[in-house]
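For reference, the structure is listed below as structure tokens.
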Amino acid sequence: MIFCQIERDWRNKLIYTSDKRSSRKIGCKEIFGIHKNKRRVDRKEDMERRDKTNYYLDLADVVSKRGTCLRRLYGAVIVKNDEVISTGYVGAPRGRKNCSDLGVCIRQKMNIPRGERYELCRSVHAEANAIISAERERMLGSSLYLSGREVSTGNYISNSSSCSMCKRMIINAGIETVYIRDDEDHYRVVQVQDWIDEDESLYGTFGY
């Protein structure tokens with residue numbers, strides 16, 4: 001019978017066993033017959049953590065699944081000092097029927113491009129709902145994480161952004177930075193000050 005002690009080296013990769021009777025160090029493969037193609041549970045790659053930005057964008061993606069829009073589902077998460085302050089998704093005002101209940105989207109029926117004529121939309125946007133649910137004092141200097149998907153395909157929305165109305169709300173809420181997801185691992189970072197300095201309303205810019 002072999003008495004052995006399992007040890008890990010400083011890289012947390014190699015494992016050895018020591019035979020207490022002979023003090024001889026023996027590789028795990030010799031003792032346990034581990035095959036080369038067997039998955040090792042102590043590999044560093046298996047312990048890789050999700051980066052913090054994508055972690056919050058993942059939360060926003062999950063939040064978007066509560067949305068009721070028939071065209072695009074957005075989710076927003078407001079974070080400050082590594083603490084989630086509030087979340088929001090696309091949906092009709094409380095008590096009103098959602099587009100998913102009615103089975104029709106007025107803007108889609110009228111072929112209105114994205115980013116335009118939101119006064120016709122029945123829904124409150126994800127960013128707006130998140131801002132409504134938080135105290136302004138807590139939002140000062142915070143970050144907003146935004147993730148959206150196309151309902152028709154389930155894919156992330158190409159070149160997504162906040163609409164002009166939500167941009168105004170984000171500015172007045174005191175939010176400092178907006179992270180917008182492009183795909184599972186990539187995103188854009190927008191400094192809200194840029195939306196203040198580059199005032200699109202002065203030039204009649206529509207859509208995004």
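A note on labels: chains of the structure tokens are A, B, ... as shown, every chain counts residues from 1, and ligands are counted from 1 in their shown order.
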
| task | Report as a list in words: the residues of range 70-139 of chain A with a DSSP assignment of strand (DSSP E or B), based on the backbone of this structure. | result | Arg72, Leu73, Tyr74, Gly75, Ala76, Val77, Ile78, Val79, Lys80, Glu83, Val84, Ile85, Ser86, Thr87, Gly88, Tyr89, Gly91 and Val124 of chain A

Residue selection dump (N, CA, C and O atoms) as a PDB file, in the first residue's frame:
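Generated output (part.pdb):
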ATOM      1  N   ARG A  72     -36.665  44.811 -30.724  1.00  0.00           N
ATOM      2  CA  ARG A  72     -35.348  44.712 -30.094  1.00  0.00           C
ATOM      3  C   ARG A  72     -35.490  44.697 -28.579  1.00  0.00           C
ATOM      4  O   ARG A  72     -36.272  45.458 -28.013  1.00  0.00           O
ATOM      5  N   LEU A  73     -34.691  43.865 -27.940  1.00  0.00           N
ATOM      6  CA  LEU A  73     -34.719  43.743 -26.484  1.00  0.00           C
ATOM      7  C   LEU A  73     -33.426  44.306 -25.895  1.00  0.00           C
ATOM      8  O   LEU A  73     -32.344  43.808 -26.197  1.00  0.00           O
ATOM      9  N   TYR A  74     -33.564  45.330 -25.083  1.00  0.00           N
ATOM     10  CA  TYR A  74     -32.414  45.936 -24.417  1.00  0.00           C
ATOM     11  C   TYR A  74     -32.517  45.714 -22.910  1.00  0.00           C
ATOM     12  O   TYR A  74     -33.612  45.672 -22.341  1.00  0.00           O
ATOM     13  N   GLY A  75     -31.344  45.595 -22.292  1.00  0.00           N
ATOM     14  CA  GLY A  75     -31.261  45.545 -20.839  1.00  0.00           C
ATOM     15  C   GLY A  75     -30.203  46.522 -20.375  1.00  0.00           C
ATOM     16  O   GLY A  75     -29.168  46.687 -21.026  1.00  0.00           O
ATOM     17  N   ALA A  76     -30.451  47.217 -19.271  1.00  0.00           N
ATOM     18  CA  ALA A  76     -29.510  48.207 -18.746  1.00  0.00           C
ATOM     19  C   ALA A  76     -29.250  47.940 -17.270  1.00  0.00           C
ATOM     20  O   ALA A  76     -30.167  47.592 -16.521  1.00  0.00           O
ATOM     21  N   VAL A  77     -28.005  48.110 -16.880  1.00  0.00           N
ATOM     22  CA  VAL A  77     -27.600  47.944 -15.487  1.00  0.00           C
ATOM     23  C   VAL A  77     -26.752  49.157 -15.086  1.00  0.00           C
ATOM     24  O   VAL A  77     -25.786  49.481 -15.767  1.00  0.00           O
ATOM     25  N   ILE A  78     -27.130  49.816 -14.008  1.00  0.00           N
ATOM     26  CA  ILE A  78     -26.360  50.957 -13.503  1.00  0.00           C
ATOM     27  C   ILE A  78     -25.528  50.487 -12.314  1.00  0.00           C
ATOM     28  O   ILE A  78     -26.046  49.855 -11.391  1.00  0.00           O
ATOM     29  N   VAL A  79     -24.229  50.787 -12.377  1.00  0.00           N
ATOM     30  CA  VAL A  79     -23.288  50.304 -11.362  1.00  0.00           C
ATOM     31  C   VAL A  79     -22.446  51.465 -10.831  1.00  0.00           C
ATOM     32  O   VAL A  79     -22.005  52.321 -11.603  1.00  0.00           O
ATOM     33  N   LYS A  80     -22.226  51.458  -9.531  1.00  0.00           N
ATOM     34  CA  LYS A  80     -21.313  52.434  -8.923  1.00  0.00           C
ATOM     35  C   LYS A  80     -20.531  51.757  -7.808  1.00  0.00           C
ATOM     36  O   LYS A  80     -21.112  51.064  -6.972  1.00  0.00           O
ATOM     37  N   GLU A  83     -21.139  48.110  -7.227  1.00  0.00           N
ATOM     38  CA  GLU A  83     -22.429  47.741  -6.663  1.00  0.00           C
ATOM     39  C   GLU A  83     -23.524  48.074  -7.669  1.00  0.00           C
ATOM     40  O   GLU A  83     -23.580  49.189  -8.195  1.00  0.00           O
ATOM     41  N   VAL A  84     -24.383  47.092  -7.953  1.00  0.00           N
ATOM     42  CA  VAL A  84     -25.494  47.323  -8.869  1.00  0.00           C
ATOM     43  C   VAL A  84     -26.533  48.201  -8.179  1.00  0.00           C
ATOM     44  O   VAL A  84     -27.049  47.855  -7.118  1.00  0.00           O
ATOM     45  N   ILE A  85     -26.819  49.347  -8.784  1.00  0.00           N
ATOM     46  CA  ILE A  85     -27.778  50.290  -8.212  1.00  0.00           C
ATOM     47  C   ILE A  85     -29.191  49.975  -8.688  1.00  0.00           C
ATOM     48  O   ILE A  85     -30.140  49.972  -7.914  1.00  0.00           O
ATOM     49  N   SER A  86     -29.330  49.729 -10.002  1.00  0.00           N
ATOM     50  CA  SER A  86     -30.651  49.424 -10.552  1.00  0.00           C
ATOM     51  C   SER A  86     -30.514  48.750 -11.901  1.00  0.00           C
ATOM     52  O   SER A  86     -29.448  48.763 -12.523  1.00  0.00           O
ATOM     53  N   THR A  87     -31.624  48.181 -12.363  1.00  0.00           N
ATOM     54  CA  THR A  87     -31.675  47.553 -13.676  1.00  0.00           C
ATOM     55  C   THR A  87     -32.931  48.017 -14.396  1.00  0.00           C
ATOM     56  O   THR A  87     -33.881  48.509 -13.778  1.00  0.00           O
ATOM     57  N   GLY A  88     -32.938  47.862 -15.710  1.00  0.00           N
ATOM     58  CA  GLY A  88     -34.122  48.232 -16.468  1.00  0.00           C
ATOM     59  C   GLY A  88     -34.181  47.489 -17.787  1.00  0.00           C
ATOM     60  O   GLY A  88     -33.147  47.135 -18.354  1.00  0.00           O
ATOM     61  N   TYR A  89     -35.383  47.232 -18.263  1.00  0.00           N
ATOM     62  CA  TYR A  89     -35.575  46.598 -19.560  1.00  0.00           C
ATOM     63  C   TYR A  89     -36.708  47.301 -20.289  1.00  0.00           C
ATOM     64  O   TYR A  89     -37.437  48.117 -19.716  1.00  0.00           O
ATOM     65  N   GLY A  91     -40.218  47.987 -21.818  1.00  0.00           N
ATOM     66  CA  GLY A  91     -41.579  47.541 -21.534  1.00  0.00           C
ATOM     67  C   GLY A  91     -42.534  48.708 -21.425  1.00  0.00           C
ATOM     68  O   GLY A  91     -42.113  49.849 -21.191  1.00  0.00           O
ATOM     69  N   VAL A 124     -41.243  52.104 -22.443  1.00  0.00           N
ATOM     70  CA  VAL A 124     -40.218  52.889 -21.768  1.00  0.00           C
ATOM     71  C   VAL A 124     -38.918  52.130 -21.987  1.00  0.00           C
ATOM     72  O   VAL A 124     -38.864  50.912 -21.787  1.00  0.00           O
TER      73      VAL A 124
END

| task | Extract, using only C-alpha atoms, all DNA, RNA and protein residues at most 12 Å from Arg71 in chain A, discarding same-chain residues fewer than 6 positions from it, and format them as a PyMOL selection string. | result | chain A and resi 90-91+99-100+103-109+111-114+121+123+148-155+157

| For Arg117 in chain A, which residue among A:Ser201, A:Ser164, A:Gln191, A:Thr68 is the nearest when counting only C-alpha atoms? |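 Going through A:Ser201, A:Ser164, A:Gln191, A:Thr68 one by one, the smallest distance to Arg117 in chain A is for A:Ser164.
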
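Nearest to Leu57 in chain A of all the residues A:Tyr203, A:Tyr179, A:Tyr156, A:Trp195 is A:Tyr179, counting only C-alpha atoms.
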
| field | Non-local contacts of Met139 in chain A (12 Å; only C-alpha atoms; under 2 positions in same chain excluded) as a PyMOL selection string | value | chain A and resi 77-81+83-86+130-137+141-144+169-177

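Nearest to Leu59 in chain A of all the residues A:Leu146, A:Ile180, A:Leu140, A:Leu102 is A:Leu146, counting only C-alpha atoms.
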